[in-house]
>>> print(open('entry.cif').read())   # mmCIF, C-alpha atoms
data_structure
#
loop_
_atom_site.label_atom_id
_atom_site.label_comp_id
_atom_site.auth_asym_id
_atom_site.auth_seq_id
_atom_site.Cartn_x
_atom_site.Cartn_y
_atom_site.Cartn_z
CA MET A 1 -28.46 -20.80 24.42
CA LYS A 2 -29.40 -18.05 22.03
CA VAL A 3 -27.50 -14.79 21.95
CA ARG A 4 -28.56 -11.76 19.96
CA VAL A 5 -26.03 -9.19 18.81
CA TYR A 6 -27.56 -5.93 17.65
CA VAL A 7 -25.25 -3.90 15.41
CA SER A 8 -26.16 -0.29 14.69
CA LEU A 9 -24.46 2.73 13.16
CA LYS A 10 -22.91 5.18 15.60
CA ASN A 11 -24.60 8.50 16.13
CA GLY A 12 -23.36 11.03 13.64
CA VAL A 13 -22.60 8.45 10.96
CA LEU A 14 -24.82 9.10 7.96
CA ASP A 15 -27.02 6.14 7.06
CA PRO A 16 -27.91 6.19 3.35
CA GLN A 17 -29.91 2.97 3.69
CA GLY A 18 -31.93 4.30 6.59
CA ARG A 19 -32.63 7.44 4.59
CA ALA A 20 -33.81 5.43 1.58
CA ILE A 21 -36.09 3.34 3.80
CA HIS A 22 -37.43 6.54 5.31
CA HIS A 23 -38.24 7.89 1.84
CA ALA A 24 -39.95 4.63 0.93
CA ILE A 25 -42.08 4.71 4.08
CA GLU A 26 -43.18 8.24 3.23
CA GLY A 27 -43.80 7.13 -0.35
CA LEU A 28 -46.27 4.56 0.98
CA GLY A 29 -48.21 7.39 2.56
CA PHE A 30 -47.22 6.91 6.21
CA SER A 31 -46.58 10.13 8.09
CA GLY A 32 -45.03 10.99 11.42
CA VAL A 33 -41.84 8.97 10.97
CA GLN A 34 -39.01 11.30 11.93
CA ASP A 35 -35.93 9.22 11.25
CA VAL A 36 -34.91 5.69 10.23
CA ARG A 37 -31.64 3.98 11.05
CA ALA A 38 -30.92 0.54 9.61
CA GLY A 39 -28.89 -1.96 11.61
CA ARG A 40 -28.24 -5.67 11.73
CA LEU A 41 -29.33 -8.44 14.07
CA ILE A 42 -27.03 -11.45 14.39
CA GLU A 43 -28.25 -14.48 16.33
CA LEU A 44 -25.76 -16.94 17.74
CA GLU A 45 -26.55 -20.34 19.23
CA VAL A 46 -23.83 -20.92 21.80
CA ASP A 47 -22.82 -23.36 24.54
CA GLU A 48 -23.33 -22.29 28.15
CA THR A 49 -19.55 -22.19 28.45
CA VAL A 50 -19.21 -19.19 26.10
CA THR A 51 -18.38 -16.22 28.31
CA ASP A 52 -19.54 -12.62 28.04
CA GLU A 53 -15.91 -11.70 27.40
CA ALA A 54 -15.77 -14.08 24.43
CA LEU A 55 -19.02 -12.69 23.00
CA ASP A 56 -17.69 -9.19 23.43
CA ALA A 57 -14.50 -10.12 21.62
CA MET A 58 -16.47 -11.67 18.74
CA ALA A 59 -18.47 -8.49 18.37
CA LYS A 60 -15.40 -6.26 18.47
CA GLN A 61 -13.24 -8.36 16.17
CA LEU A 62 -15.78 -9.27 13.54
CA LEU A 63 -19.50 -8.68 14.01
CA ALA A 64 -19.26 -4.89 14.27
CA ASN A 65 -16.87 -2.47 12.59
CA MET A 66 -15.95 -0.25 15.52
CA VAL A 67 -15.08 2.65 13.19
CA ILE A 68 -18.72 3.15 12.28
CA GLU A 69 -20.83 0.81 14.39
CA ASN A 70 -21.92 0.09 17.95
CA TYR A 71 -23.16 -3.24 19.21
CA ARG A 72 -25.31 -4.56 22.03
CA ILE A 73 -25.27 -8.17 23.21
CA GLU A 74 -28.34 -9.84 24.67
CA ARG A 75 -28.55 -13.36 26.06
CA VAL A 76 -32.03 -14.77 25.37
CA PRO A 77 -33.41 -16.86 28.27
CA ALA A 78 -34.41 -20.36 27.15
CA MET B 1 16.01 -6.65 -11.54
CA THR B 2 12.84 -8.71 -11.51
CA PHE B 3 9.74 -7.22 -9.97
CA ARG B 4 8.33 -9.87 -7.62
CA SER B 5 4.66 -9.15 -7.03
CA ALA B 6 1.66 -11.13 -5.83
CA VAL B 7 -2.06 -10.77 -6.46
CA ILE B 8 -4.30 -12.22 -3.76
CA THR B 9 -7.51 -13.89 -4.91
CA PHE B 10 -10.42 -14.26 -2.51
CA PRO B 11 -13.61 -16.18 -3.31
CA GLY B 12 -15.58 -13.52 -5.19
CA SER B 13 -12.64 -11.43 -6.38
CA ASN B 14 -13.24 -10.48 -9.99
CA CYS B 15 -10.52 -7.97 -10.85
CA ASP B 16 -7.61 -10.23 -9.91
CA ARG B 17 -6.87 -11.07 -13.52
CA ASP B 18 -6.97 -7.41 -14.59
CA MET B 19 -4.62 -6.57 -11.73
CA ALA B 20 -2.22 -9.38 -12.63
CA ASP B 21 -2.32 -8.30 -16.27
CA ALA B 22 -1.54 -4.69 -15.38
CA LEU B 23 1.38 -5.70 -13.14
CA GLU B 24 2.79 -7.98 -15.82
CA LYS B 25 2.42 -5.44 -18.64
CA VAL B 26 4.09 -2.68 -16.66
CA SER B 27 6.80 -4.67 -14.86
CA GLY B 28 7.49 -7.33 -17.48
CA THR B 29 7.07 -10.13 -14.93
CA ALA B 30 3.91 -12.07 -14.19
CA PRO B 31 2.88 -11.81 -10.54
CA PHE B 32 2.44 -14.81 -8.26
CA ARG B 33 -1.22 -15.70 -7.82
CA VAL B 34 -2.00 -16.37 -4.18
CA TRP B 35 -5.20 -17.91 -2.81
CA HIS B 36 -6.98 -16.57 0.28
CA GLY B 37 -6.60 -19.87 2.11
CA ASP B 38 -2.82 -19.90 1.77
CA ALA B 39 -1.04 -19.13 5.01
CA GLU B 40 2.16 -17.82 3.47
CA LEU B 41 3.21 -15.41 0.75
CA PRO B 42 6.03 -16.15 -1.69
CA ALA B 43 9.37 -15.02 -0.23
CA GLY B 44 10.99 -11.74 -1.15
CA LEU B 45 7.98 -9.93 -2.56
CA ASP B 46 8.35 -6.37 -3.83
CA PHE B 47 4.63 -5.68 -4.07
CA ILE B 48 1.28 -7.14 -2.99
CA ALA B 49 -2.04 -6.30 -4.65
CA LEU B 50 -5.53 -6.90 -3.25
CA PRO B 51 -7.92 -6.76 -6.21
CA GLY B 52 -11.47 -5.59 -6.63
CA GLY B 53 -14.54 -7.76 -6.59
CA PHE B 54 -17.08 -8.98 -4.08
CA SER B 55 -15.07 -11.20 -1.75
CA TYR B 56 -17.29 -13.61 0.18
CA GLY B 57 -20.29 -12.01 -1.49
CA ASP B 58 -19.82 -8.87 0.63
CA TYR B 59 -21.34 -10.88 3.51
CA LEU B 60 -21.51 -9.03 6.84
CA ARG B 61 -19.70 -5.96 5.45
CA SER B 62 -17.71 -5.46 2.24
CA GLY B 63 -14.23 -6.86 2.86
CA ALA B 64 -15.01 -8.05 6.39
CA MET B 65 -14.65 -11.78 5.80
CA ALA B 66 -11.62 -11.45 3.50
CA ALA B 67 -9.86 -9.33 6.10
CA ARG B 68 -10.02 -12.29 8.49
CA SER B 69 -8.92 -14.95 5.97
CA PRO B 70 -5.64 -16.83 6.55
CA ILE B 71 -3.55 -15.01 3.93
CA MET B 72 -4.33 -11.60 5.44
CA GLN B 73 -2.25 -12.40 8.52
CA ALA B 74 0.72 -12.78 6.16
CA VAL B 75 -0.22 -9.59 4.27
CA ILE B 76 -0.48 -7.64 7.55
CA ALA B 77 2.92 -8.96 8.62
CA ALA B 78 4.48 -8.06 5.25
CA ALA B 79 2.95 -4.57 5.32
CA GLY B 80 4.42 -4.13 8.80
CA LYS B 81 7.86 -4.89 7.39
CA GLY B 82 7.40 -2.23 4.72
CA VAL B 83 6.34 -4.33 1.72
CA PRO B 84 4.14 -2.13 -0.51
CA VAL B 85 0.48 -3.18 -0.56
CA LEU B 86 -2.08 -1.79 -3.03
CA GLY B 87 -5.78 -2.41 -2.43
CA VAL B 88 -8.21 -1.40 -5.15
CA CYS B 89 -11.98 -1.20 -4.63
CA ASN B 90 -12.83 -4.34 -2.64
CA GLY B 91 -9.10 -4.49 -1.85
CA PHE B 92 -9.41 -1.03 -0.22
CA GLN B 93 -12.40 -2.29 1.78
CA VAL B 94 -10.34 -5.30 2.89
CA LEU B 95 -7.45 -3.04 3.98
CA THR B 96 -9.71 -0.88 6.16
CA GLU B 97 -11.43 -3.95 7.64
CA ALA B 98 -8.00 -5.46 8.38
CA GLY B 99 -6.94 -2.30 10.17
CA LEU B 100 -4.10 -1.53 7.74
CA LEU B 101 -5.81 1.73 6.78
CA PRO B 102 -8.03 3.98 8.91
CA GLY B 103 -11.70 4.64 8.25
CA ALA B 104 -14.43 2.57 6.65
CA LEU B 105 -16.20 2.36 3.30
CA MET B 106 -19.94 2.71 3.62
CA ARG B 107 -22.84 2.44 1.20
CA ASN B 108 -22.68 5.14 -1.51
CA ALA B 109 -24.54 8.23 -0.40
CA GLY B 110 -26.81 7.95 -3.45
CA ILE B 111 -27.56 4.27 -2.60
CA ARG B 112 -26.90 3.25 -6.21
CA PHE B 113 -24.00 1.24 -7.55
CA VAL B 114 -21.73 3.66 -9.47
CA CYS B 115 -19.98 2.31 -12.58
CA ARG B 116 -18.35 4.94 -14.79
CA GLU B 117 -15.18 6.90 -15.44
CA VAL B 118 -14.53 9.62 -12.88
CA ALA B 119 -12.08 12.49 -12.65
CA LEU B 120 -9.59 12.40 -9.78
CA THR B 121 -6.92 14.79 -8.59
CA VAL B 122 -3.57 13.54 -7.37
CA ALA B 123 -3.41 14.96 -3.85
CA ASN B 124 0.02 13.53 -2.98
CA ASN B 125 2.56 12.78 -5.69
CA GLN B 126 5.38 12.02 -3.26
CA SER B 127 4.40 8.43 -2.51
CA LEU B 128 5.77 5.22 -3.93
CA PHE B 129 2.51 4.75 -5.83
CA THR B 130 2.03 8.28 -7.14
CA SER B 131 5.49 9.67 -7.91
CA GLY B 132 4.82 9.35 -11.64
CA TYR B 133 2.04 11.93 -11.47
CA ALA B 134 2.29 15.70 -11.21
CA ALA B 135 1.02 17.30 -8.00
CA GLY B 136 -2.62 18.19 -8.45
CA GLU B 137 -2.76 16.37 -11.78
CA ARG B 138 -6.26 15.57 -12.98
CA ILE B 139 -6.67 11.98 -14.16
CA VAL B 140 -9.62 9.89 -15.32
CA VAL B 141 -10.02 6.36 -13.97
CA PRO B 142 -13.05 4.04 -13.81
CA VAL B 143 -14.95 3.29 -10.62
CA ALA B 144 -17.38 0.42 -10.06
CA HIS B 145 -18.65 0.11 -6.52
CA HIS B 146 -21.61 0.16 -4.18
CA ASP B 147 -19.72 0.78 -0.95
CA GLY B 148 -17.20 3.50 -1.70
CA ASN B 149 -18.37 6.22 0.65
CA TYR B 150 -15.24 6.86 2.72
CA PHE B 151 -15.89 7.62 6.37
CA ALA B 152 -13.58 8.48 9.24
CA ASP B 153 -14.07 10.76 12.23
CA ALA B 154 -13.05 14.40 11.87
CA ALA B 155 -9.85 13.97 13.89
CA THR B 156 -8.73 11.10 11.68
CA LEU B 157 -9.55 13.06 8.51
CA ASP B 158 -7.58 16.04 9.81
CA ARG B 159 -4.63 13.78 10.58
CA LEU B 160 -4.75 12.13 7.13
CA GLU B 161 -4.79 15.51 5.43
CA GLY B 162 -2.15 16.99 7.71
CA GLU B 163 0.22 14.09 7.06
CA GLY B 164 -0.32 14.12 3.29
CA ARG B 165 -1.93 10.71 3.40
CA VAL B 166 -4.76 11.52 1.02
CA ALA B 167 -3.36 10.16 -2.26
CA PHE B 168 -6.34 10.85 -4.54
CA ARG B 169 -9.50 12.93 -4.32
CA TYR B 170 -12.61 12.80 -6.48
CA ALA B 171 -12.84 15.87 -8.70
CA GLU B 172 -16.61 15.39 -8.99
CA ALA B 173 -19.43 14.01 -6.84
CA VAL B 174 -19.24 10.21 -6.86
CA ASN B 175 -20.26 8.49 -3.64
CA GLY B 176 -20.43 10.96 -0.76
CA SER B 177 -16.90 10.26 0.53
CA ALA B 178 -15.69 12.47 3.37
CA ARG B 179 -13.63 15.33 1.94
CA ASP B 180 -13.85 13.68 -1.51
CA ILE B 181 -11.25 11.11 -0.49
CA ALA B 182 -10.73 8.46 -3.17
CA GLY B 183 -7.49 6.91 -1.90
CA VAL B 184 -5.47 6.95 1.34
CA LEU B 185 -1.99 5.93 2.44
CA ASN B 186 -0.93 4.39 5.73
CA GLY B 187 1.41 6.26 8.06
CA THR B 188 4.56 4.77 6.53
CA GLY B 189 3.39 5.28 2.95
CA ASN B 190 3.71 1.64 1.89
CA VAL B 191 -0.01 0.80 1.91
CA LEU B 192 -2.42 2.49 -0.51
CA GLY B 193 -6.15 1.84 -0.70
CA MET B 194 -8.30 3.41 -3.41
CA MET B 195 -11.78 2.87 -4.81
CA PRO B 196 -11.02 3.78 -8.47
CA HIS B 197 -9.48 1.08 -10.68
CA PRO B 198 -6.07 2.10 -12.09
CA GLU B 199 -5.63 -1.42 -13.50
CA ARG B 200 -8.56 -0.74 -15.84
CA ALA B 201 -6.81 2.24 -17.42
CA ILE B 202 -3.35 1.10 -18.47
CA GLU B 203 -3.57 0.83 -22.26
CA PRO B 204 -5.39 2.69 -25.05
CA ALA B 205 -7.82 -0.20 -25.60
CA HIS B 206 -9.17 0.50 -22.10
CA GLY B 207 -10.24 3.94 -23.26
CA GLY B 208 -7.63 5.66 -21.13
CA THR B 209 -4.15 5.17 -19.72
CA ASP B 210 -4.20 7.39 -16.66
CA GLY B 211 -3.83 4.44 -14.27
CA ARG B 212 -0.60 3.25 -15.79
CA ALA B 213 1.61 5.79 -14.01
CA LEU B 214 0.62 4.29 -10.65
CA PHE B 215 2.11 0.92 -11.57
CA GLU B 216 5.09 2.55 -13.31
CA SER B 217 5.76 4.61 -10.17
CA ALA B 218 5.83 1.49 -8.02
CA VAL B 219 7.95 -0.58 -10.41
CA LYS B 220 10.43 2.24 -10.90
CA GLY B 221 10.57 3.00 -7.19
CA LEU B 222 11.11 -0.61 -6.20
CA VAL B 223 13.36 -2.15 -8.82
CA GLY B 224 14.52 0.85 -10.86
CA ALA B 225 13.64 1.78 -14.40
#
>>> encode(input="entry.cif", output="structure tokens")
Amino acid sequence: MKVRVYVSLKNGVLDPQGRAIHHAIEGLGFSGVQDVRAGRLIELEVDETVTDEALDAMAKQLLANMVIENYRIERVPA
Amino acid sequence: MTFRSAVITFPGSNCDRDMADALEKVSGTAPFRVWHGDAELPAGLDFIALPGGFSYGDYLRSGAMAARSPIMQAVIAAAGKGVPVLGVCNGFQVLTEAGLLPGALMRNAGIRFVCREVALTVANNQSLFTSGYAAGERIVVPVAHHDGNYFADAATLDRLEGEGRVAFRYAEAVNGSARDIAGVLNGTGNVLGMMPHPERAIEPAHGGTDGRALFESAVKGLVGA
């Protein structure tokens, strides 16, 4: 089954990439965008036997850096 | 006494040779060269260096993959026993990702890769790595990085400063690092991570020699002058 892990910067952590994207959006002439935060989406294809606990451990130990990032795990129905 | 040091090479390291050269020129003994896939370090090491570069292509996060490579388990164990570990640039990123140093190194605040000489101040000259400098001494050392923006929460920064664990600070704006931190020590003072490259400033042909005292401090402190 497919699992999506969304990794995003914690609130309060400055995001230089998000800021640059924001500037670029404004440079293209779009208005009304108040803030941009850039994150990362990691898709895993896993066996049914992979537990939520194991996914959580993968996220904590590798996929996200808990000093600066949060993560959210989503199992995608087939 | 012989100075037994090791330089770890990860796929994508590119300052490992400079680091080995600096260690050999200052200590008189060529370091062991250790590959990331090795499970063990040579016995009886006095010093371990994690060099700069772009290990694993900076995939996922700078230093993230290298921090989980087989040799790092041995480096973490050695650091725990008090063996001095120096991480420069990507090596600093690896040390934070491995949990040997607090904080994280994020994208430079100005987005751009920064490659130039920068002025630093020696914030702590009582450590194994910095005893050869004067307190507050201003030195010039090259930097070359994209992800050197040091981040830690306010409580951690307060603790680092309170315990004298900030080894070097930038004396000018470089990358947006919290409290201008350029290098930090672990709680026991045997692990130093820093973004600037002391190994690129050890002889006049480099354009400066301000990095040399770091290696001299370590060699003198570990095996005597």
>>> closest_atom_pairs(input="entry.cif", of="chain A", to="chain B", cutoff="8 Å", atoms="only C-alpha atoms", output="CSV")
residue,atom,partner,partner_atom,distance
A:Pro16,CA,B:Ala109,CA,5.4
A:Gln17,CA,B:Ile111,CA,6.8
A:Ala20,CA,B:Ile111,CA,7.6
A:Leu62,CA,B:Ala64,CA,7.3
A:Leu63,CA,B:Leu60,CA,7.5
A:Asn65,CA,B:Glu97,CA,7.5
A:Val67,CA,B:Gly103,CA,6.3
A:Ile68,CA,B:Ala104,CA,7.1
>>> atom_distance(input="entry.cif", atom1="CA of Phe47 (chain B)", atom2="CA of Val83 (chain B)")
6.2 Å
>>> closest_atom_pairs(input="entry.cif", of="region 93-172 of chain B", to="region 50-56 of chain B", cutoff="9 Å", atoms="only C-alpha atoms", output="CSV")
residue,atom,partner,partner_atom,distance
B:Val94,CA,B:Leu50,CA,8.0
B:Leu95,CA,B:Leu50,CA,8.4
B:His145,CA,B:Gly53,CA,8.9
>>> residues_near_point(input="entry.cif", point="(-33.4, -0.1, 5.5)", cutoff="9 Å", atoms="only C-alpha atoms", output="mmCIF file with C-alpha atoms, in the coordinates of the input")
data_model
loop_
_atom_site.group_PDB
_atom_site.id
_atom_site.type_symbol
_atom_site.label_atom_id
_atom_site.label_comp_id
_atom_site.auth_asym_id
_atom_site.auth_seq_id
_atom_site.Cartn_x
_atom_site.Cartn_y
_atom_site.Cartn_z
ATOM 1 C CA PRO A 16 -27.910 6.190 3.350
ATOM 2 C CA GLN A 17 -29.910 2.970 3.690
ATOM 3 C CA GLY A 18 -31.930 4.300 6.590
ATOM 4 C CA ARG A 19 -32.630 7.440 4.590
ATOM 5 C CA ALA A 20 -33.810 5.430 1.580
ATOM 6 C CA ILE A 21 -36.090 3.340 3.800
ATOM 7 C CA HIS A 22 -37.430 6.540 5.310
ATOM 8 C CA VAL A 36 -34.910 5.690 10.230
ATOM 9 C CA ARG A 37 -31.640 3.980 11.050
ATOM 10 C CA ALA A 38 -30.920 0.540 9.610
ATOM 11 C CA GLY A 39 -28.890 -1.960 11.610
#
>>> resolve_selection(input="entry.cif", expression="the PyMOL selection byres ((chain A and resi 6) around 7)", output="list in words")
Arg4, Val5, Val7, Ser8, Arg40, Leu41, Ile42, Tyr71, Arg72 and Ile73 of chain A
>>> residues_around(input="entry.cif", residues="region 45-53 of chain A", least_positions_apart="5", cutoff="8 Å", atoms="all atoms listed in the file", output="list in words")
Met1, Lys2 and Val3 of chain A
>>> residues_around(input="entry.cif", residues="Gly80 (chain B)", least_positions_apart="5", cutoff="10 Å", atoms="all atoms listed in the file", output="JSON, numbers by chain")
{"B": [74, 75, 100, 188, 190, 191]}
>>> axis_aligned_box(input="entry.cif", around="region 214-217 of chain B", padding_each_side="5 Å", output="lines of an AutoDock Vina configuration file")
center_x = 3.2
center_y = 2.8
center_z = -11.7
size_x = 15.1
size_y = 13.7
size_z = 13.1
>>> resolve_selection(input="entry.cif", expression="the PyMOL selection byres ((chain B and resi 192) around 8)", output="list in words")
Val85, Leu86, Gly87, Phe92, Phe129, Ala167, Gly183, Val184, Leu185, Asn186, Gly189, Asn190, Val191, Gly193 and Met194 of chain B
>>> resolve_selection(input="entry.cif", expression="the PyMOL selection byres ((chain B and resi 215) around 9)", output="count of residues only")
19
>>> atom_distance(input="entry.cif", atom1="CA of Gly164 (chain B)", atom2="CA of Glu137 (chain B)")
15.4 Å
>>> atom_distance(input="entry.cif", atom1="CA of Gly91 (chain B)", atom2="CA of Asp16 (chain B)")
10.0 Å
>>> residues_near_point(input="entry.cif", point="(-8.0, -23.1, 3.9)", cutoff="12 Å", atoms="only C-alpha atoms", output="list in words")
Phe10, Pro11, Trp35, His36, Gly37, Asp38, Ala39, Glu40, Arg68, Ser69, Pro70 and Ile71 of chain B
>>> closest_residue(input="entry.cif", among="B:Ala20, B:Ala119, B:Ala154, B:Val166", to="Phe32 (chain B)", atoms="all atoms listed in the file")
B:Ala20
>>> closest_residue(input="entry.cif", among="A:Glu43, A:Asp35, A:Asp56, A:Glu74", to="His23 (chain A)", atoms="all atoms listed in the file")
A:Asp35
